[in-house]
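Below is one structure, written out as structure tokens; the observations come after it.
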Amino acid sequence: MRRPISSDEAAISNVLVPMKQIFQKVPSPSLLKQSESRVDYFAKSILPQLLRQKQKHTMVYVASYFDFCSLRNLLLKRELPFVSVHEYSRTTEVNRGRARFLQGRSPMLLYTGRCNFFHRHIIKGVRHLIFLGLPEHAEFYSSHVNEIQTNNAVLEEEDPEAAATVSSCLVLCTRYEALALERIVGSDNCTRMLKSPKSTFMFYS
């Protein structure tokens, strides 16, 4: 029998910066459809907001490589500007992409979970963080959220206007990611979120 994870042991308790973190429960008809559901929700509900607000310095942490391929193809099809850092990126591509993102020349950066696991790149210039799916390793959640605040000084030099905006953190997940959610928010919060008819939950650090 698994030992419950208390709120103090959950990864979210390691978020040290003042940050409102929004968890959005994405409806999905089945386990096999959850990837499609996440990307579809992003395309229909999140992307239009980003485009309308002309939001820059947005990093999308994509836990699944299948989600990454779907999202990348969607952005390419719509001819939207973005850069990506994934496990098959060459060093020159990684350096060029991170520089363009920091300078605000590319408003969005896609970063895969597997790349993060193997390389632990430091992505500078993040003001808005979106998790498309939950990280398999819960410590990656808190580490990336904490990086938002520490990047402010660097961002002020590269893009002062963007540095003045309010930062944000959004998590898109399905009910099939219960184990990963439990490691991030704790057992009690996880149970409450999965059983609740509500789809949006906020945590403050």
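Going through the structure tokens in order, the chains are called A, B, and so on, while each chain numbers its residues from 1 and the ligands are numbered from 1 in the order shown.
The residue set within 12 Å of Gln21 of chain A, counting only C-alpha atoms and dropping same-chain residues fewer than 6 places from it, reads Ile12, Ser13, Val15, His128, Leu129, Ile130, Phe131, Tyr141, Ser142, Val145, Asn146, Ser167, Ser168, Cys169, Leu170, Val171, Leu172, Ile184, Val185, Thr200, Phe201, Met202, Phe203, Tyr204 and Ser205 of chain A.
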Could you write out the selected residues, including C-alpha atoms, as a short mmCIF file (atom, residue, chain, number, x, y, z; two decimals), in the first residue's frame?
data_model
loop_
_atom_site.label_atom_id
_atom_site.label_comp_id
_atom_site.auth_asym_id
_atom_site.auth_seq_id
_atom_site.Cartn_x
_atom_site.Cartn_y
_atom_site.Cartn_z
CA ILE A 12 4.43 22.44 -4.76
CA SER A 13 5.61 23.13 -1.21
CA VAL A 15 7.90 26.65 -4.79
CA HIS A 128 4.82 32.73 -18.33
CA LEU A 129 5.01 28.99 -17.76
CA ILE A 130 2.56 26.44 -19.13
CA PHE A 131 2.76 22.75 -18.31
CA TYR A 141 7.62 21.29 -11.44
CA SER A 142 8.93 23.35 -8.55
CA VAL A 145 8.29 27.63 -11.35
CA ASN A 146 11.10 28.91 -9.15
CA SER A 167 4.19 36.35 -14.38
CA SER A 168 1.90 33.32 -14.57
CA CYS A 169 1.87 29.54 -14.21
CA LEU A 170 -0.76 27.30 -15.80
CA VAL A 171 -0.95 23.50 -15.62
CA LEU A 172 -3.06 21.50 -18.09
CA ILE A 184 3.00 17.66 -7.03
CA VAL A 185 0.07 18.77 -4.84
CA THR A 200 -10.00 24.96 -12.26
CA PHE A 201 -7.95 25.03 -9.06
CA MET A 202 -5.64 27.70 -7.72
CA PHE A 203 -2.65 27.40 -5.42
CA TYR A 204 -0.71 30.31 -3.97
CA SER A 205 2.89 30.23 -2.83
#
| said: as an MDAnalysis selection string, please: every residue in segment 2-202 of chain A that a backbone DSSP assignment puts in alpha helix (DSSP H). | reply: chainID A and resid 34:41 47:53 65:77 91:102 113:119 139:150 152:158 160:163 178:185 187:195
Could the residues of segment 103-187 of chain A that have an atom at most 9 Å from segment 30-33 of chain A be listed as a tab-separated table, each with its closest atom pair and the distance in Å to one decimal, counting only C-alpha atoms and ordered by chain and ascending residue number?
residue	atom	partner	partner_atom	distance
A:Thr174	CA	A:Leu31	CA	8.9
A:Arg175	CA	A:Leu31	CA	8.9
A:Tyr176	CA	A:Leu31	CA	6.2
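Proximity to Val85 of chain A was assessed for A:Arg105, A:His57, A:Arg127, A:His119 counting only C-alpha atoms; the smallest distance is recorded for A:His119.
With distances restricted to only C-alpha atoms, A:Thr58 is the closest residue to Arg98 of chain A from A:Leu132, A:Asn189, A:Thr58, A:Gly113.
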